[in-house]
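Structure file input.txt with compact mmCIF, C-alpha atoms:
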# COMPACT_ATOMS: atom_id res chain seq x y z
CA MET A 1 11.57 -41.92 -4.76
CA ASP A 2 10.65 -45.21 -6.44
CA GLU A 3 12.04 -47.33 -3.63
CA LEU A 4 10.71 -45.48 -0.65
CA PRO A 5 7.02 -44.88 -0.13
CA ASP A 6 6.20 -41.26 -0.80
CA PRO A 7 5.76 -39.22 2.35
CA ASN A 8 2.35 -37.99 3.30
CA PRO A 9 1.40 -35.07 1.01
CA LEU A 10 0.45 -33.06 4.07
CA ALA A 11 4.00 -33.43 5.40
CA ILE A 12 5.28 -32.07 2.12
CA LEU A 13 2.88 -29.12 2.26
CA GLU A 14 4.03 -28.35 5.77
CA ALA A 15 7.67 -28.43 4.69
CA LEU A 16 7.02 -26.16 1.72
CA LEU A 17 5.16 -23.64 3.82
CA PHE A 18 7.91 -23.73 6.39
CA VAL A 19 10.64 -22.84 3.91
CA SER A 20 8.76 -20.26 1.90
CA GLU A 21 8.98 -16.59 2.67
CA ALA A 22 6.08 -15.40 0.54
CA PRO A 23 2.60 -16.91 0.39
CA VAL A 24 2.56 -20.09 -1.70
CA THR A 25 -0.13 -20.37 -4.35
CA LEU A 26 -2.17 -23.50 -4.98
CA GLU A 27 -0.70 -23.66 -8.47
CA ARG A 28 2.79 -23.78 -7.03
CA PHE A 29 1.83 -26.51 -4.57
CA ALA A 30 0.28 -28.54 -7.36
CA GLU A 31 3.43 -28.14 -9.45
CA VAL A 32 5.66 -29.44 -6.70
CA LEU A 33 3.36 -32.15 -5.43
CA GLU A 34 2.92 -34.01 -8.66
CA GLY A 35 -0.17 -36.11 -8.59
CA CYS A 36 -2.16 -33.96 -6.22
CA SER A 37 -4.89 -31.80 -7.69
CA LYS A 38 -5.51 -28.28 -6.52
CA GLY A 39 -8.81 -29.44 -5.05
CA GLU A 40 -7.11 -32.14 -3.01
CA ILE A 41 -4.51 -29.69 -1.79
CA THR A 42 -7.17 -27.17 -0.77
CA GLU A 43 -8.88 -29.91 1.21
CA LEU A 44 -5.66 -31.02 2.88
CA LEU A 45 -4.87 -27.45 3.85
CA ALA A 46 -8.36 -26.79 5.18
CA ASP A 47 -8.24 -29.98 7.27
CA TRP A 48 -4.82 -29.18 8.58
CA GLN A 49 -5.83 -25.61 9.40
CA GLU A 50 -8.82 -26.85 11.34
CA ARG A 51 -6.68 -29.28 13.33
CA CYS A 52 -4.08 -26.61 14.06
CA ARG A 53 -6.79 -24.35 15.35
CA GLN A 54 -8.04 -26.92 17.79
CA GLU A 55 -4.87 -28.61 18.93
CA ASP A 56 -2.20 -27.13 21.12
CA ARG A 57 -0.21 -25.84 18.21
CA GLY A 58 1.73 -22.65 17.77
CA VAL A 59 1.35 -22.12 14.05
CA LEU A 60 -1.33 -22.59 11.48
CA PRO A 61 -1.61 -22.19 7.71
CA ILE A 62 -3.74 -19.27 6.60
CA GLU A 63 -4.95 -18.18 3.20
CA ILE A 64 -3.57 -14.78 2.32
CA ALA A 65 -2.64 -12.64 -0.68
CA GLY A 66 -3.52 -15.30 -3.22
CA GLY A 67 -1.71 -18.11 -1.43
CA TYR A 68 -1.02 -19.84 1.84
CA ARG A 69 1.46 -19.07 4.55
CA LEU A 70 2.36 -20.41 7.94
CA VAL A 71 1.76 -17.94 10.75
CA THR A 72 1.72 -17.97 14.51
CA LYS A 73 -1.60 -18.01 16.30
CA PRO A 74 -2.82 -14.58 17.36
CA GLU A 75 -3.10 -15.52 21.03
CA LEU A 76 0.65 -16.19 21.08
CA ALA A 77 1.51 -12.67 19.97
CA PRO A 78 2.56 -11.44 23.45
CA TRP A 79 5.23 -14.15 23.67
CA VAL A 80 6.45 -13.64 20.14
CA LEU A 81 6.77 -9.91 20.77
CA ARG A 82 8.62 -10.51 24.01
CA PHE A 83 10.93 -12.91 22.21
CA ARG A 84 11.61 -10.54 19.33
CA GLY A 85 11.82 -7.51 21.56
CA THR A 86 10.14 -5.34 18.95
CA LYS A 87 6.81 -3.72 18.52
CA ALA A 88 4.95 -3.67 15.27
CA ALA A 89 5.03 -0.28 13.62
CA LYS A 90 1.56 0.97 12.84
CA LEU A 91 0.70 3.03 9.81
CA SER A 92 -0.18 6.67 10.42
CA LYS A 93 -3.75 7.89 10.00
CA ALA A 94 -2.71 9.78 6.89
CA ALA A 95 -1.18 6.62 5.43
CA LEU A 96 -4.29 4.58 6.20
CA GLU A 97 -6.59 7.17 4.66
CA THR A 98 -4.49 7.33 1.53
CA LEU A 99 -4.34 3.55 1.32
CA ALA A 100 -8.10 3.30 1.72
CA ILE A 101 -8.67 5.73 -1.13
CA ILE A 102 -6.23 3.91 -3.38
CA ALA A 103 -7.56 0.49 -2.46
CA TYR A 104 -11.15 1.34 -3.32
CA LYS A 105 -10.62 3.62 -6.29
CA GLN A 106 -7.45 2.32 -7.91
CA PRO A 107 -5.85 3.28 -10.16
CA MET A 108 -5.60 6.75 -8.63
CA THR A 109 -3.32 9.71 -9.21
CA LYS A 110 -1.93 12.00 -6.55
CA PRO A 111 -4.19 14.97 -7.45
CA GLU A 112 -7.24 12.69 -7.31
CA ILE A 113 -6.26 11.45 -3.86
CA GLU A 114 -5.57 14.97 -2.65
CA ALA A 115 -8.94 16.16 -3.91
CA ILE A 116 -10.63 13.66 -1.62
CA ARG A 117 -8.41 14.16 1.41
CA GLY A 118 -8.15 17.95 1.10
CA VAL A 119 -4.45 17.86 1.97
CA MET A 120 -1.13 17.29 0.27
CA THR A 121 -0.17 13.65 0.05
CA ASP A 122 3.40 13.58 -1.35
CA GLY A 123 5.16 12.34 1.78
CA VAL A 124 2.56 9.68 2.48
CA LEU A 125 2.68 8.31 -1.06
CA LYS A 126 6.46 8.06 -0.88
CA THR A 127 6.29 6.13 2.38
CA LEU A 128 3.67 3.77 1.01
CA VAL A 129 5.72 3.09 -2.12
CA GLU A 130 8.82 2.50 0.00
CA ARG A 131 6.97 0.04 2.16
CA ASP A 132 5.73 -1.68 -1.00
CA LEU A 133 2.12 -1.25 0.08
CA ILE A 134 1.30 0.55 -3.14
CA ARG A 135 2.86 0.30 -6.52
CA ILE A 136 3.03 2.43 -9.59
CA LEU A 137 0.71 1.06 -12.25
CA GLY A 138 1.59 3.49 -15.01
CA ARG A 139 0.71 6.98 -16.04
CA LYS A 140 -2.65 8.49 -16.73
CA PRO A 141 -2.94 9.70 -20.33
CA GLU A 142 -3.85 13.27 -19.50
CA VAL A 143 -2.10 16.58 -19.00
CA GLY A 144 1.07 16.12 -16.96
CA ARG A 145 0.83 12.33 -17.29
CA PRO A 146 0.40 11.82 -13.54
CA ILE A 147 1.49 8.54 -12.00
CA LEU A 148 -1.24 6.00 -11.30
CA TYR A 149 -1.05 4.13 -8.02
CA GLY A 150 -2.58 0.83 -7.02
CA THR A 151 -2.26 -1.57 -4.12
CA SER A 152 0.35 -4.34 -4.08
CA ARG A 153 0.53 -7.94 -2.92
CA VAL A 154 2.19 -6.68 0.24
CA PHE A 155 -0.96 -4.65 0.87
CA LEU A 156 -3.01 -7.84 0.84
CA GLU A 157 -0.55 -9.55 3.16
CA TYR A 158 -0.39 -6.58 5.48
CA PHE A 159 -4.12 -6.46 6.07
CA GLY A 160 -4.75 -10.18 5.76
CA PHE A 161 -6.79 -10.17 2.55
CA LYS A 162 -6.90 -13.15 0.21
CA ASP A 163 -7.51 -10.78 -2.68
CA LEU A 164 -8.98 -7.35 -3.32
CA SER A 165 -12.52 -8.69 -3.45
CA GLU A 166 -12.22 -9.22 0.29
CA LEU A 167 -12.12 -5.49 0.96
CA PRO A 168 -15.27 -4.69 2.87
CA THR A 169 -17.56 -2.71 0.59
CA LEU A 170 -17.92 0.95 1.44
CA LYS A 171 -21.58 0.28 2.22
CA GLU A 172 -20.64 -2.37 4.76
CA ILE A 173 -18.25 0.07 6.34
CA GLU A 174 -20.94 2.71 6.61
CA ALA A 175 -23.15 0.20 8.31
CA LEU A 176 -20.37 -0.60 10.77
CA ALA A 177 -19.45 2.97 11.64
CA PRO A 178 -21.26 3.61 14.90
CA ASN A 179 -21.42 7.38 15.10
CA VAL A 180 -22.71 7.99 11.64
CA ALA A 181 -24.68 4.93 10.85
CA GLU A 182 -27.86 5.73 12.76
CA LYS A 183 -28.49 9.04 11.09
CA GLU A 184 -28.04 7.97 7.56
CA ALA A 185 -29.34 4.47 7.95
CA SER A 186 -32.76 5.96 8.55
CA GLN A 187 -32.42 8.01 5.43
CA GLY A 188 -31.45 5.02 3.39
CA GLU A 189 -30.10 5.86 -0.01
CA VAL A 190 -31.23 9.47 0.04
CA GLU A 191 -28.76 11.58 -1.86
CA VAL A 192 -27.50 14.98 -0.93
CA ASP A 193 -29.68 16.91 -3.34
CA GLU A 194 -32.77 15.79 -1.48
CA THR A 195 -31.91 18.19 1.28
CA SER A 196 -31.80 21.26 -0.90
CA ASN A 197 -35.46 22.01 -0.25
CA ALA A 198 -34.70 22.24 3.44
CA THR A 199 -32.90 25.52 2.90
CA MET B 1 -16.86 25.82 23.66
CA SER B 2 -15.75 23.42 26.29
CA TYR B 3 -13.71 21.18 24.00
CA ARG B 4 -10.18 22.03 23.03
CA VAL B 5 -9.21 21.40 19.49
CA GLN B 6 -5.69 20.62 18.44
CA LEU B 7 -5.13 20.83 14.76
CA GLU B 8 -2.50 18.11 14.70
CA MET B 9 -5.25 15.75 15.71
CA PHE B 10 -6.84 16.20 12.33
CA GLU B 11 -5.83 14.79 9.02
CA GLY B 12 -6.94 17.96 7.28
CA PRO B 13 -9.64 20.58 7.03
CA LEU B 14 -12.34 18.07 6.04
CA ASP B 15 -11.49 15.97 9.06
CA LEU B 16 -11.82 19.02 11.30
CA LEU B 17 -15.15 19.94 9.73
CA LEU B 18 -16.48 16.42 10.21
CA TYR B 19 -15.38 16.58 13.81
CA LEU B 20 -17.21 19.87 14.40
CA ILE B 21 -20.31 18.46 12.76
CA GLN B 22 -20.19 15.39 14.94
CA VAL B 23 -19.47 17.21 18.19
CA ASN B 24 -22.32 19.63 17.59
CA GLU B 25 -24.63 16.80 16.56
CA ILE B 26 -25.35 18.48 13.28
CA ASP B 27 -27.17 16.79 10.44
CA ILE B 28 -24.58 16.63 7.70
CA TYR B 29 -27.27 17.11 5.06
CA ASP B 30 -28.43 20.33 6.68
CA ILE B 31 -25.39 22.13 8.00
CA PRO B 32 -26.02 25.48 9.69
CA ILE B 33 -23.27 27.22 7.78
CA ALA B 34 -23.09 30.36 9.91
CA LYS B 35 -22.57 28.38 13.09
CA ILE B 36 -20.09 25.92 11.66
CA THR B 37 -18.11 28.68 9.94
CA GLU B 38 -17.80 30.51 13.21
CA GLU B 39 -16.59 27.41 15.01
CA TYR B 40 -14.22 26.47 12.25
CA LEU B 41 -12.64 29.91 12.18
CA GLY B 42 -12.47 29.80 15.97
CA CYS B 43 -10.45 26.61 15.74
CA LEU B 44 -8.08 28.15 13.23
CA ALA B 45 -7.65 31.19 15.43
CA ARG B 46 -6.84 29.06 18.42
CA MET B 47 -3.95 27.31 16.83
CA GLN B 48 -0.91 29.46 16.64
CA GLU B 49 2.02 27.46 15.59
CA LEU B 50 1.52 25.23 12.59
CA ASP B 51 3.31 24.75 9.39
CA LEU B 52 2.24 26.90 6.50
CA GLU B 53 1.32 24.18 4.10
CA VAL B 54 -1.27 22.75 6.45
CA ALA B 55 -2.52 26.20 7.28
CA GLY B 56 -3.07 26.90 3.60
CA GLU B 57 -5.25 23.85 3.20
CA PHE B 58 -7.26 24.79 6.26
CA LEU B 59 -7.70 28.30 4.91
CA VAL B 60 -9.06 27.05 1.60
CA ILE B 61 -11.95 25.39 3.37
CA ALA B 62 -12.40 28.47 5.56
CA ALA B 63 -12.79 30.52 2.39
CA THR B 64 -15.23 27.97 0.99
CA LEU B 65 -17.33 28.18 4.15
CA ILE B 66 -17.43 31.95 4.06
CA HIS B 67 -18.31 31.88 0.39
CA ILE B 68 -21.22 29.51 1.02
CA LYS B 69 -22.35 31.63 3.94
CA SER B 70 -22.42 34.77 1.83
CA LYS B 71 -24.33 32.96 -0.92
CA LEU B 72 -26.92 31.84 1.56
CA LEU B 73 -27.35 35.39 2.79
CA LEU B 74 -28.12 36.72 -0.67
CA PRO B 75 -31.75 36.63 -1.70
CA ALA B 76 -32.41 34.04 -4.37
CA GLU B 77 -31.80 35.52 -7.80
CA GLU B 78 -34.81 35.89 -10.00
CA SER B 79 -33.27 37.90 -12.80
CA GLU B 80 -32.92 35.12 -15.37
CA GLY B 81 -36.41 33.86 -14.76
CA ALA B 82 -36.95 31.11 -12.23
CA GLU B 83 -36.43 27.99 -14.32
CA ALA B 84 -34.55 25.53 -12.22
CA PRO B 85 -34.73 25.87 -8.46
CA GLU B 86 -31.51 27.30 -7.05
CA GLU B 87 -29.00 24.68 -6.16
CA ASP B 88 -28.11 24.50 -2.50
CA PRO B 89 -24.74 26.27 -2.23
CA ARG B 90 -23.78 23.73 0.42
CA LYS B 91 -24.23 20.78 -1.89
CA GLU B 92 -20.70 20.56 -3.20
CA LEU B 93 -19.13 20.81 0.24
CA VAL B 94 -21.51 18.20 1.65
CA GLU B 95 -20.63 15.83 -1.15
CA ARG B 96 -16.95 16.29 -0.47
CA LEU B 97 -17.50 15.69 3.22
CA LEU B 98 -19.50 12.55 2.58
CA GLU B 99 -16.88 11.23 0.18
CA TYR B 100 -14.10 12.00 2.61
CA ARG B 101 -16.00 10.44 5.50
CA ARG B 102 -16.52 7.25 3.56
CA PHE B 103 -12.77 6.81 3.15
CA LYS B 104 -12.02 7.91 6.66
CA GLU B 105 -14.26 5.12 7.86
CA ALA B 106 -12.66 2.71 5.45
CA SER B 107 -9.28 3.72 6.86
CA MET B 108 -10.50 2.90 10.35
CA THR B 109 -11.53 -0.53 9.14
CA LEU B 110 -8.05 -0.97 7.69
CA GLU B 111 -6.55 0.11 10.98
CA HIS B 112 -8.57 -2.53 12.74
CA LEU B 113 -7.48 -5.19 10.25
CA GLU B 114 -3.89 -4.03 10.63
CA SER B 115 -3.84 -4.59 14.37
CA HIS B 116 -5.57 -7.91 13.89
CA GLN B 117 -3.09 -9.03 11.28
CA GLN B 118 -0.15 -7.86 13.36
CA LEU B 119 -0.93 -10.61 15.84
CA HIS B 120 0.13 -13.12 13.22
CA PHE B 121 3.82 -13.59 12.69
CA ASN B 122 5.51 -15.44 9.91
CA ARG B 123 9.01 -16.65 9.52
CA PRO B 124 11.45 -13.86 8.76
CA GLY B 125 13.50 -14.24 5.62
CA ASP B 126 16.05 -17.02 5.59
CA SER B 127 19.49 -15.50 5.72
CA GLY B 128 21.11 -18.91 5.38
CA SER B 129 22.14 -20.64 2.20
CA PRO B 130 20.78 -18.79 -0.77
CA VAL B 131 18.69 -20.64 -3.27
CA ALA B 132 19.70 -20.11 -6.84
CA ASP B 133 16.33 -20.73 -8.36
CA GLY B 134 13.07 -19.11 -7.47
CA PRO B 135 11.00 -16.12 -8.28
CA LEU B 136 12.35 -12.60 -8.36
CA GLU B 137 12.46 -11.68 -4.75
CA VAL B 138 13.75 -8.16 -4.88
CA SER B 139 11.50 -5.24 -5.66
CA LEU B 140 12.54 -2.52 -8.05
CA PRO B 141 12.71 0.13 -5.31
CA GLU B 142 15.13 -2.11 -3.41
CA LEU B 143 17.34 -2.49 -6.44
CA LEU B 144 17.29 1.24 -7.03
CA ARG B 145 18.22 1.87 -3.44
CA ALA B 146 21.14 -0.51 -3.73
CA PHE B 147 22.21 1.09 -6.97
CA SER B 148 22.10 4.60 -5.55
CA ALA B 149 24.44 3.36 -2.82
CA VAL B 150 26.83 2.18 -5.54
CA MET B 151 26.55 5.54 -7.29
CA GLU B 152 27.27 7.35 -4.07
CA ARG B 153 30.45 5.39 -3.58
CA ALA B 154 31.41 6.17 -7.13
CA THR B 155 31.13 9.91 -6.68
CA LYS B 156 33.35 9.72 -3.64
CA ALA B 157 36.11 7.92 -5.50
CA ALA B 158 37.36 10.76 -7.62
CA VAL B 159 37.83 9.63 -11.18
CA LEU B 160 39.28 11.50 -14.07
CA GLU B 161 37.38 10.81 -17.23
CA ILE B 162 39.63 11.26 -20.19
CA THR B 163 38.84 8.91 -22.98
CA PRO B 164 35.26 9.03 -24.11
CA GLU B 165 34.43 5.37 -24.35
CA THR B 166 31.35 4.13 -26.01
CA ILE B 167 29.30 2.24 -23.52
CA ASN B 168 26.81 -0.28 -24.61
CA VAL B 169 24.17 -1.79 -22.36
CA GLY B 170 24.19 -4.98 -24.40
CA GLU B 171 27.90 -5.45 -23.74
CA ARG B 172 27.36 -4.92 -20.07
CA MET B 173 24.63 -7.55 -20.11
CA VAL B 174 27.03 -10.02 -21.65
CA ALA B 175 29.69 -9.06 -19.13
CA VAL B 176 27.35 -9.56 -16.20
CA LEU B 177 26.19 -12.92 -17.55
CA ASP B 178 29.78 -14.04 -18.14
CA ARG B 179 30.73 -13.08 -14.66
CA LEU B 180 27.76 -14.95 -13.22
CA ALA B 181 28.58 -17.98 -15.31
CA THR B 182 31.77 -18.45 -13.32
CA GLU B 183 30.73 -17.14 -9.95
CA SER B 184 27.06 -17.30 -9.10
CA PRO B 185 25.63 -16.15 -6.70
CA LEU B 186 27.32 -12.79 -6.57
CA PRO B 187 26.65 -9.87 -4.26
CA PHE B 188 24.92 -7.01 -6.05
CA ILE B 189 27.78 -4.62 -5.30
CA ALA B 190 30.35 -6.98 -6.77
CA LEU B 191 28.72 -6.56 -10.19
CA PHE B 192 30.05 -3.04 -10.26
CA ASP B 193 33.64 -3.92 -9.47
CA GLY B 194 35.90 -2.36 -12.02
CA ALA B 195 33.22 -0.06 -13.36
CA ARG B 196 34.75 3.27 -12.63
CA THR B 197 32.73 5.88 -14.43
CA ARG B 198 29.18 6.84 -13.68
CA SER B 199 28.07 6.02 -17.20
CA LEU B 200 29.58 2.57 -16.94
CA LEU B 201 27.84 2.02 -13.61
CA ILE B 202 24.55 3.10 -15.08
CA ALA B 203 24.97 0.93 -18.15
CA THR B 204 25.76 -2.05 -15.94
CA PHE B 205 22.69 -1.39 -13.84
CA LEU B 206 20.47 -1.05 -16.92
CA GLY B 207 21.96 -4.28 -18.24
CA LEU B 208 21.14 -5.99 -14.98
CA LEU B 209 17.55 -4.74 -15.10
CA GLU B 210 17.18 -6.05 -18.62
CA LEU B 211 18.60 -9.44 -17.62
CA LEU B 212 16.18 -9.57 -14.71
CA ARG B 213 13.31 -8.71 -16.97
CA ARG B 214 14.24 -11.45 -19.38
CA GLY B 215 14.55 -13.88 -16.50
CA LEU B 216 18.19 -14.67 -17.29
CA VAL B 217 19.33 -13.67 -13.84
CA ARG B 218 17.54 -13.36 -10.58
CA ALA B 219 18.01 -11.13 -7.63
CA ARG B 220 17.21 -12.01 -4.09
CA GLN B 221 17.34 -10.21 -0.79
CA SER B 222 17.21 -12.12 2.45
CA ASP B 223 15.93 -9.34 4.65
CA PRO B 224 14.80 -5.75 4.22
CA ASN B 225 17.81 -3.48 3.72
CA GLY B 226 19.96 -6.58 3.55
CA GLU B 227 22.43 -7.40 0.85
CA ILE B 228 21.05 -8.21 -2.57
CA THR B 229 22.43 -11.27 -4.28
CA VAL B 230 22.27 -11.92 -7.99
CA TYR B 231 22.09 -15.38 -9.56
CA ARG B 232 22.25 -16.77 -13.01
CA THR B 233 19.22 -18.90 -13.68
CA MET B 234 19.35 -22.41 -15.01
CA GLU B 235 17.41 -21.57 -18.13
CA ALA B 236 19.73 -18.68 -18.89
CA ALA B 237 20.46 -20.12 -22.29
CA GLU B 238 16.85 -20.61 -23.36
CA GLY B 239 15.66 -17.38 -21.87
CA ASN B 240 12.40 -16.53 -20.27
CA ASP B 241 10.30 -19.26 -18.76
CA GLY B 242 7.51 -16.77 -18.35
CA ARG B 243 7.11 -17.14 -14.64
CA ALA B 244 8.08 -13.92 -12.98
CA ALA B 245 6.71 -12.67 -9.72

The structure given in the file should be rewritten as structure tokens.
Amino acid sequence: MDELPDPNPLAILEALLFVSEAPVTLERFAEVLEGCSKGEITELLADWQERCRQEDRGVLPIEIAGGYRLVTKPELAPWVLRFRGTKAAKLSKAALETLAIIAYKQPMTKPEIEAIRGVMTDGVLKTLVERDLIRILGRKPEVGRPILYGTSRVFLEYFGFKDLSELPTLKEIEALAPNVAEKEASQGEVEVDETSNAT
Amino acid sequence: MSYRVQLEMFEGPLDLLLYLIQVNEIDIYDIPIAKITEEYLGCLARMQELDLEVAGEFLVIAATLIHIKSKLLLPAEESEGAEAPEEDPRKELVERLLEYRRFKEASMTLEHLESHQQLHFNRPGDSGSPVADGPLEVSLPELLRAFSAVMERATKAAVLEITPETINVGERMVAVLDRLATESPLPFIALFDGARTRSLLIATFLGLLELLRRGLVRARQSDPNGEITVYRTMEAAEGNDGRAA
């Protein structure tokens, strides 16, 4: 190391991202690249990402689940799928609903989730735990000590979030939903009880 | 009604109700209960074969609807003196529907993000040369799955337990560490070689969990459902370095 000039830090970042299976945090980069601050690394990565986006490249670094990872560009998906010969398995509607409830209201217990969905949720919760999308956070100190569920790092990776603060707020979602938005948008924040005099 | 409703389409009774409200262009804050109850019950009647658990959940809401309907039919009570204005009997149901709808919409956003994210691919796990150092890369469910496979094998191999031996998790920890000191990495299953009784298997597994927790050994799995490999970490002597995934 003393004899040879150090390689370009960007080359090192690229190598680290290439060999890592999970997203790499800035802290970890800074540890390995002695002498580079987290700020410098962020800048290098942002620059590199921008160049990858523009140039004829197949992969680019993205920020996800609290770190960075190297992924293929979305427009190349058809070729990657053809190459792998597989199709991505999508989550069921029940799984997505359950995940949404947990993501926004965590920690949540099974009875609490079922109260919102109006249906039993045992099978779905099991699948989500098996796929590591949710994890058990502990037990709620109440009768029956029900298990508390929360989302995992895999959840962030799966949906492409940097962290939980990136979840769109429920208000934003309401604004996006086409079929419902118009009606309530006009009513603004009016709560349900306002309508009681319409009876 | 011109539309056909299939119950499997719906995630539950609330989903079906929301659908009926939407199709009939009903204001959710002012639901005509008689009409919606009729439609809802019509839907239930039209579906013949469905599993009982789902049916039960659909019936609960049916009962709620009928209950609300009957309340609305009764003249407002004035017996206790008219202090507070009567609460709308629909209020609770409407609140549930709104709450459910919020998360249903959130789930559609997640679905959208899912398909977007599925266009990105990353490198699959490296099945090549294992790296001895690194964060814990096996989740607890994976370990448990692997262990239940070991237990299954154990039940098949008929063993006669005669001498009650005292099994100590601490001893097993030492044994696992000793073994890893000479041959590391080691396949997960190999840790259980020679452990013949269920209690010994369990003690070994508990010992392994404790070692993992203390950061003295690490477990790694190259691909989902793949073989789990266990390593002794460099700092095994000093103990925890405090960096666990």

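Near A:Lys140, within a cut-off of 9 Å and counting only C-alpha atoms, sit the residues Pro107, Met108, Thr109, Gly144, Arg145, Pro146, Ile147 and Leu148 of chain A, with same-chain residues fewer than 4 positions away left out.
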
Would you write out, as CSV, a table of all residues in stretch 84-179 of chain A that have an atom no more than 6 Å from an atom of stretch 88-106 of chain B, listing for each the closest atom pair and the distance in Å to one decimal, considering all atoms listed in the file and ordering rows by chain and rising residue number?
residue,atom,partner,partner_atom,distance
A:Glu97,CA,B:Lys104,CA,5.8
A:Ala100,CA,B:Ala106,CA,5.9
A:Ile116,CA,B:Tyr100,CA,5.7

Got a sec: who's within 12 Å of B:Arg179, counting only C-alpha atoms, leaving out chain neighbours fewer than 4 positions off, as a list in words?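 Using only C-alpha atoms, the neighbours found are Arg172, Met173, Val174, Ala175, Glu183, Ser184, Pro185, Leu186, Pro187, Ala190, Leu191, Phe192, Asp193, Leu208, Val217, Val230, Tyr231 and Arg232 of chain B.
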
Pick out the residues sitting within 12 Å of stretch 159-174 of chain A, and hand them over as an mmCIF file with C-alpha atoms, in the coordinates of the input; count only C-alpha atoms, and ignore anything fewer than 6 positions along from it in its own chain.
data_model
loop_
_atom_site.group_PDB
_atom_site.id
_atom_site.type_symbol
_atom_site.label_atom_id
_atom_site.label_comp_id
_atom_site.auth_asym_id
_atom_site.auth_seq_id
_atom_site.Cartn_x
_atom_site.Cartn_y
_atom_site.Cartn_z
ATOM 1 C CA PRO A 23 2.600 -16.910 0.390
ATOM 2 C CA VAL A 24 2.560 -20.090 -1.700
ATOM 3 C CA THR A 25 -0.130 -20.370 -4.350
ATOM 4 C CA ILE A 62 -3.740 -19.270 6.600
ATOM 5 C CA GLU A 63 -4.950 -18.180 3.200
ATOM 6 C CA ILE A 64 -3.570 -14.780 2.320
ATOM 7 C CA ALA A 65 -2.640 -12.640 -0.680
ATOM 8 C CA GLY A 66 -3.520 -15.300 -3.220
ATOM 9 C CA GLY A 67 -1.710 -18.110 -1.430
ATOM 10 C CA TYR A 68 -1.020 -19.840 1.840
ATOM 11 C CA ARG A 69 1.460 -19.070 4.550
ATOM 12 C CA VAL A 71 1.760 -17.940 10.750
ATOM 13 C CA LYS A 90 1.560 0.970 12.840
ATOM 14 C CA LEU A 91 0.700 3.030 9.810
ATOM 15 C CA LEU A 96 -4.290 4.580 6.200
ATOM 16 C CA LEU A 99 -4.340 3.550 1.320
ATOM 17 C CA ALA A 100 -8.100 3.300 1.720
ATOM 18 C CA ILE A 101 -8.670 5.730 -1.130
ATOM 19 C CA ILE A 102 -6.230 3.910 -3.380
ATOM 20 C CA ALA A 103 -7.560 0.490 -2.460
ATOM 21 C CA TYR A 104 -11.150 1.340 -3.320
ATOM 22 C CA LYS A 105 -10.620 3.620 -6.290
ATOM 23 C CA GLN A 106 -7.450 2.320 -7.910
ATOM 24 C CA LEU A 133 2.120 -1.250 0.080
ATOM 25 C CA GLY A 150 -2.580 0.830 -7.020
ATOM 26 C CA THR A 151 -2.260 -1.570 -4.120
ATOM 27 C CA SER A 152 0.350 -4.340 -4.080
ATOM 28 C CA ARG A 153 0.530 -7.940 -2.920
ATOM 29 C CA VAL A 180 -22.710 7.990 11.640
ATOM 30 C CA ALA A 181 -24.680 4.930 10.850
ATOM 31 C CA GLU A 182 -27.860 5.730 12.760
ATOM 32 C CA LYS A 183 -28.490 9.040 11.090
ATOM 33 C CA GLU A 184 -28.040 7.970 7.560
ATOM 34 C CA ALA A 185 -29.340 4.470 7.950
ATOM 35 C CA GLY A 188 -31.450 5.020 3.390
ATOM 36 C CA GLU A 189 -30.100 5.860 -0.010
ATOM 37 C CA LEU B 98 -19.500 12.550 2.580
ATOM 38 C CA GLU B 99 -16.880 11.230 0.180
ATOM 39 C CA TYR B 100 -14.100 12.000 2.610
ATOM 40 C CA ARG B 101 -16.000 10.440 5.500
ATOM 41 C CA ARG B 102 -16.520 7.250 3.560
ATOM 42 C CA PHE B 103 -12.770 6.810 3.150
ATOM 43 C CA LYS B 104 -12.020 7.910 6.660
ATOM 44 C CA GLU B 105 -14.260 5.120 7.860
ATOM 45 C CA ALA B 106 -12.660 2.710 5.450
ATOM 46 C CA SER B 107 -9.280 3.720 6.860
ATOM 47 C CA MET B 108 -10.500 2.900 10.350
ATOM 48 C CA THR B 109 -11.530 -0.530 9.140
ATOM 49 C CA LEU B 110 -8.050 -0.970 7.690
ATOM 50 C CA GLU B 111 -6.550 0.110 10.980
ATOM 51 C CA HIS B 112 -8.570 -2.530 12.740
ATOM 52 C CA LEU B 113 -7.480 -5.190 10.250
ATOM 53 C CA GLU B 114 -3.890 -4.030 10.630
ATOM 54 C CA SER B 115 -3.840 -4.590 14.370
ATOM 55 C CA HIS B 116 -5.570 -7.910 13.890
ATOM 56 C CA GLN B 117 -3.090 -9.030 11.280
ATOM 57 C CA GLN B 118 -0.150 -7.860 13.360
ATOM 58 C CA LEU B 119 -0.930 -10.610 15.840
ATOM 59 C CA HIS B 120 0.130 -13.120 13.220
ATOM 60 C CA PHE B 121 3.820 -13.590 12.690
#

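Each of A:Gln54, A:Asn8, A:Thr127, A:Thr72 was compared to chain B using only C-alpha atoms, and A:Thr72 turns out to be the nearest.
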
Counting only C-alpha atoms, the residue of B:Val169, B:Leu16, B:Ser199, B:Leu74 that sits nearest B:Gly42: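 Checking each of B:Val169, B:Leu16, B:Ser199, B:Leu74 against B:Gly42, counting only C-alpha atoms, the winner is B:Leu16.
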
Nearest to A:Ala88, chosen from A:Leu33, A:Val59, A:Tyr158, A:Pro7, with all atoms listed in the file counted in the distances: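 Smallest distance to A:Ala88 is found for A:Tyr158.
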
Test item: residues at most 12 Å from B:Ala63, only C-alpha atoms, excluding those fewer than 4 positions along its chain, as a VMD selection string: chain B and resid 13 37 to 38 40 to 41 56 to 59 67 to 70 93
